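K.L.:
As input, take input_16.txt (compact mmCIF, C-alpha atoms):
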# COMPACT_ATOMS: atom_id res chain seq x y z
CA SER A 1 -6.70 -19.73 20.64
CA LYS A 2 -9.50 -20.34 18.16
CA TYR A 3 -9.51 -18.83 14.71
CA GLU A 4 -11.81 -18.56 11.74
CA LEU A 5 -10.83 -19.66 8.30
CA ASN A 6 -12.22 -19.04 4.83
CA LEU A 7 -11.03 -21.50 2.22
CA GLY A 8 -11.38 -21.82 -1.52
CA HIS A 9 -11.86 -25.46 -2.52
CA ILE A 10 -11.42 -27.43 -5.71
CA LEU A 11 -12.33 -31.12 -5.54
CA VAL A 12 -11.44 -33.61 -8.24
CA THR A 13 -13.33 -36.77 -7.28
CA VAL A 14 -11.92 -40.27 -7.57
CA PRO A 15 -14.40 -43.15 -7.92
CA GLU A 16 -14.40 -45.67 -5.07
CA ASN A 17 -12.95 -48.66 -6.99
CA ALA A 18 -10.79 -46.64 -9.40
CA THR A 19 -7.86 -48.24 -11.15
CA PRO A 20 -4.38 -46.78 -10.57
CA GLU A 21 -4.56 -45.23 -14.05
CA VAL A 22 -7.79 -43.38 -13.23
CA VAL A 23 -6.35 -42.21 -9.90
CA GLU A 24 -3.28 -40.87 -11.70
CA GLN A 25 -5.44 -39.08 -14.31
CA ARG A 26 -7.46 -37.42 -11.53
CA ARG A 27 -4.28 -36.46 -9.66
CA GLN A 28 -2.91 -34.85 -12.82
CA ARG A 29 -6.18 -32.94 -13.30
CA ALA A 30 -5.96 -31.61 -9.71
CA GLN A 31 -2.30 -30.73 -10.22
CA GLN A 32 -3.16 -28.86 -13.42
CA ALA A 33 -5.78 -26.82 -11.52
CA ALA A 34 -3.28 -26.03 -8.74
CA ASP A 35 -0.60 -25.03 -11.26
CA ARG A 36 -2.98 -22.66 -13.07
CA VAL A 37 -3.97 -20.95 -9.82
CA ARG A 38 -0.32 -20.67 -8.72
CA ALA A 39 0.48 -19.11 -12.10
CA GLY A 40 -1.96 -16.30 -11.30
CA GLU A 41 -5.21 -17.41 -12.88
CA ASP A 42 -8.41 -16.52 -11.00
CA PHE A 43 -9.24 -19.22 -8.41
CA ALA A 44 -13.01 -18.91 -8.91
CA LYS A 45 -12.68 -19.43 -12.67
CA VAL A 46 -10.47 -22.49 -12.21
CA ALA A 47 -12.84 -23.88 -9.56
CA ARG A 48 -15.82 -23.56 -11.89
CA GLU A 49 -13.88 -25.36 -14.62
CA PHE A 50 -12.21 -28.18 -12.62
CA SER A 51 -14.12 -28.78 -9.37
CA ASP A 52 -16.64 -31.55 -8.85
CA ALA A 53 -17.74 -30.07 -5.49
CA SER A 54 -21.16 -28.52 -4.94
CA GLU A 55 -19.68 -25.08 -4.21
CA ALA A 56 -17.89 -24.95 -7.59
CA SER A 57 -20.58 -22.73 -9.09
CA ALA A 58 -19.88 -20.17 -6.32
CA GLY A 59 -16.18 -20.08 -7.21
CA GLY A 60 -15.23 -22.75 -4.70
CA GLU A 61 -15.48 -20.49 -1.65
CA LEU A 62 -16.47 -22.42 1.48
CA GLY A 63 -17.10 -19.36 3.64
CA LEU A 64 -15.70 -18.00 6.89
CA ARG A 65 -16.19 -20.48 9.72
CA VAL A 66 -14.52 -21.59 12.93
CA ALA A 67 -11.56 -23.81 12.08
CA ASP A 68 -13.05 -26.71 14.09
CA ARG A 69 -15.78 -26.99 11.45
CA TYR A 70 -13.26 -27.87 8.72
CA PRO A 71 -11.87 -31.40 8.27
CA ASP A 72 -8.52 -32.04 9.96
CA LEU A 73 -7.05 -32.78 6.53
CA PHE A 74 -7.81 -29.21 5.39
CA LEU A 75 -6.42 -27.69 8.61
CA ARG A 76 -3.16 -29.65 8.40
CA ALA A 77 -2.74 -28.81 4.70
CA THR A 78 -3.28 -25.06 5.20
CA GLN A 79 -1.59 -24.63 8.59
CA GLN A 80 1.65 -23.21 7.17
CA VAL A 81 0.08 -21.53 4.13
CA ALA A 82 -0.12 -17.73 4.12
CA VAL A 83 -3.32 -15.89 3.23
CA GLY A 84 -3.67 -16.04 -0.55
CA GLY A 85 -1.52 -19.19 -0.74
CA ILE A 86 -2.39 -22.54 -2.30
CA ALA A 87 -2.14 -26.00 -0.72
CA GLY A 88 -2.42 -29.24 -2.58
CA PRO A 89 -3.41 -31.31 -4.31
CA VAL A 90 -4.15 -33.23 -1.09
CA ARG A 91 -5.52 -36.79 -1.25
CA SER A 92 -8.59 -37.90 0.70
CA PRO A 93 -11.02 -40.81 0.27
CA ALA A 94 -13.24 -38.49 -1.83
CA GLY A 95 -10.48 -37.48 -4.25
CA PHE A 96 -7.91 -34.70 -4.60
CA HIS A 97 -8.37 -31.27 -3.01
CA VAL A 98 -6.74 -27.96 -3.94
CA LEU A 99 -7.17 -25.38 -1.18
CA ARG A 100 -6.66 -21.62 -1.14
CA VAL A 101 -6.50 -19.67 2.12
CA ILE A 102 -8.77 -16.68 1.49
CA GLU A 103 -8.96 -15.30 5.03
CA ARG A 104 -7.73 -16.22 8.51
CA SER A 105 -8.75 -14.31 11.66
CA ARG A 106 -8.94 -14.79 15.43
CA VAL A 107 -12.38 -15.42 16.90
CA GLY A 108 -13.72 -12.50 18.91
CA ILE A 109 -11.10 -10.01 17.75
CA PRO A 110 -12.51 -7.54 15.23
CA SER A 111 -10.32 -6.99 12.20
CA SER A 112 -10.81 -3.21 12.45
CA ALA A 113 -12.36 -0.86 14.95
CA LEU A 114 -13.31 2.80 14.75
CA GLN A 115 -12.67 4.72 17.96
CA THR A 116 -13.66 8.30 18.68
CA HIS A 117 -12.78 10.34 21.78
CA VAL A 118 -14.76 13.51 22.49
CA ARG A 119 -14.06 15.93 25.32
CA HIS A 120 -16.39 18.81 24.56
CA ILE A 121 -18.29 20.53 21.81
CA LEU A 122 -17.97 24.29 21.29
CA LEU A 123 -20.83 26.22 19.73
CA ARG A 124 -20.32 29.83 18.68
CA THR A 125 -23.22 32.18 19.11
CA GLY A 126 -24.06 34.59 16.37
CA PRO A 127 -26.63 37.29 15.59
CA GLN A 128 -29.19 34.69 14.53
With the file now loaded, output its structure as structure tokens.
P.N.:
Amino acid sequence: SKYELNLGHILVTVPENATPEVVEQRRQRAQQAADRVRAGEDFAKVAREFSDASEASAGGELGLRVADRYPDLFLRATQQVAVGGIAGPVRSPAGFHVLRVIERSRVGIPSSALQTHVRHILLRTGPQ
């Protein structure tokens, strides 16, 4: 069963040939961002402040898309996370990622539907 996923993303990049000290500094920066979001601070504000990703200016929101279009790393990290929950920091070759599950829905199943059943319409006649 396919599903769609909307994630918030904070990326703290790690240079390719970084020393262990630099990697640890970047990990601590990502952990600080995750801790602030878990403490209740607005994710978009934290993303604009901490993220090195291109979508940081938009509050880190990646948009609703079929789960297959996300990296496997993101899917594994958020698999057991409830909507509104935070995963990470998660390490990748690019750096450290903090992910927030904004929305999760099944493909092809509308989230809400309005149904109306009509049997007949009664009109009353009057002097006019």
K.L.:
Considering all atoms listed in the file, can you say which of A:Ala87, A:Ala30, A:Ala39, A:Leu7 comes closest to Arg104 of chain A?
P.N.:
A:Leu7
K.L.:
Closest to Ala44 of chain A among A:Gln79, A:Ser57, A:Thr116, A:Gln32, using only C-alpha atoms?
P.N.:
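Distance minimum relative to Ala44 of chain A lands on A:Ser57.
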K.L.:
In Å, rounded to a single decimal, give me how far atom CA of Ser92 of chain A is from atom CA of Val23 of chain A.
P.N.:
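Answer for the atom CA of Val23 of chain A to atom CA of Ser92 of chain A separation: 11.7 Å.
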K.L.:
Around the point (-8.5, -41.7, -7.4) (coordinates from the file), which residues reach within 7 Å if we count all atoms listed in the file? Answer as an NGL selection string.
P.N.:
:A and (13-15 or 18 or 22-24 or 26 or 95)
K.L.:
I need the residue nearest Asn6 of chain A from this list: A:Pro20, A:Gly40, A:Gly126, A:Gly84. Use only C-alpha atoms for the distance.
P.N.:
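Closest residue, counting only C-alpha atoms: A:Gly84.
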K.L.:
Excluding Asp68 of chain A and residues on its chain fewer than 5 positions from it, collect all residues at most 10 Å away from it, counting all atoms listed in the file, and give them as a ChimeraX atom specification.
P.N.:
/A:2-5,75
K.L.:
Expressed in Å to a single decimal, how great is the separation between atom CA of Ala58 of chain A and atom CA of His9 of chain A?
P.N.:
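Interatomic distance here is 10.3 Å.
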K.L.:
Which polymer residues have any atom within 9 Å of an atom of Leu99 of chain A, counting all atoms listed in the file, with same-chain residues fewer than 6 positions away left out, as a PDB file with C-alpha atoms, in the frame of the given file?
P.N.:
ATOM      1  CA  LEU A   7     -11.030 -21.500   2.220  1.00  0.00           C
ATOM      2  CA  GLY A   8     -11.380 -21.820  -1.520  1.00  0.00           C
ATOM      3  CA  HIS A   9     -11.860 -25.460  -2.520  1.00  0.00           C
ATOM      4  CA  ILE A  10     -11.420 -27.430  -5.710  1.00  0.00           C
ATOM      5  CA  LEU A  11     -12.330 -31.120  -5.540  1.00  0.00           C
ATOM      6  CA  ALA A  34      -3.280 -26.030  -8.740  1.00  0.00           C
ATOM      7  CA  PHE A  74      -7.810 -29.210   5.390  1.00  0.00           C
ATOM      8  CA  ALA A  77      -2.740 -28.810   4.700  1.00  0.00           C
ATOM      9  CA  THR A  78      -3.280 -25.060   5.200  1.00  0.00           C
ATOM     10  CA  GLY A  85      -1.520 -19.190  -0.740  1.00  0.00           C
ATOM     11  CA  ILE A  86      -2.390 -22.540  -2.300  1.00  0.00           C
ATOM     12  CA  ALA A  87      -2.140 -26.000  -0.720  1.00  0.00           C
ATOM     13  CA  GLY A  88      -2.420 -29.240  -2.580  1.00  0.00           C
ATOM     14  CA  PRO A  89      -3.410 -31.310  -4.310  1.00  0.00           C
ATOM     15  CA  VAL A  90      -4.150 -33.230  -1.090  1.00  0.00           C
TER      16      VAL A  90
END
K.L.:
Could you tell me how far atom CA of Arg91 of chain A lies from atom CA of Gln31 of chain A, in Å and to one decimal?
P.N.:
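Value for the atom CA of Arg91 of chain A-atom CA of Gln31 of chain A distance: 11.3 Å.
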K.L.:
Counting all atoms listed in the file, which residues come within 7 Å of (-17.4, -24.1, -5.8), with the point read in the file's coordinates, and could you list them as a list in words?
P.N.:
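Residues with an atom at most 7 Å from (-17.4, -24.1, -5.8): His9, Ile10, Ala47, Arg48, Ser51, Ala53, Ser54, Glu55, Ala56, Ser57, Ala58, Gly59, Gly60 and Glu61 of chain A.
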K.L.:
Using all atoms listed in the file, pick whichever of A:Gln128, A:Thr19, A:Gln80, A:Gln25 has the shortest atom-to-atom distance to Phe96 of chain A.
P.N.:
A:Gln25
K.L.:
Given the choices A:Val107, A:Ile121, A:Glu16, A:Pro127, which gets closest to Val66 of chain A if the distance is worked out from only C-alpha atoms?
P.N.:
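Checking each of A:Val107, A:Ile121, A:Glu16, A:Pro127 against Val66 of chain A, counting only C-alpha atoms, the winner is A:Val107.
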K.L.:
Which one of A:Ile102, A:Ala82, A:Leu123, A:Val12 sits closest to Arg65 of chain A if you count only C-alpha atoms?
P.N.:
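Looking only at the distances to Arg65 of chain A, the closest residue turns out to be A:Ile102.
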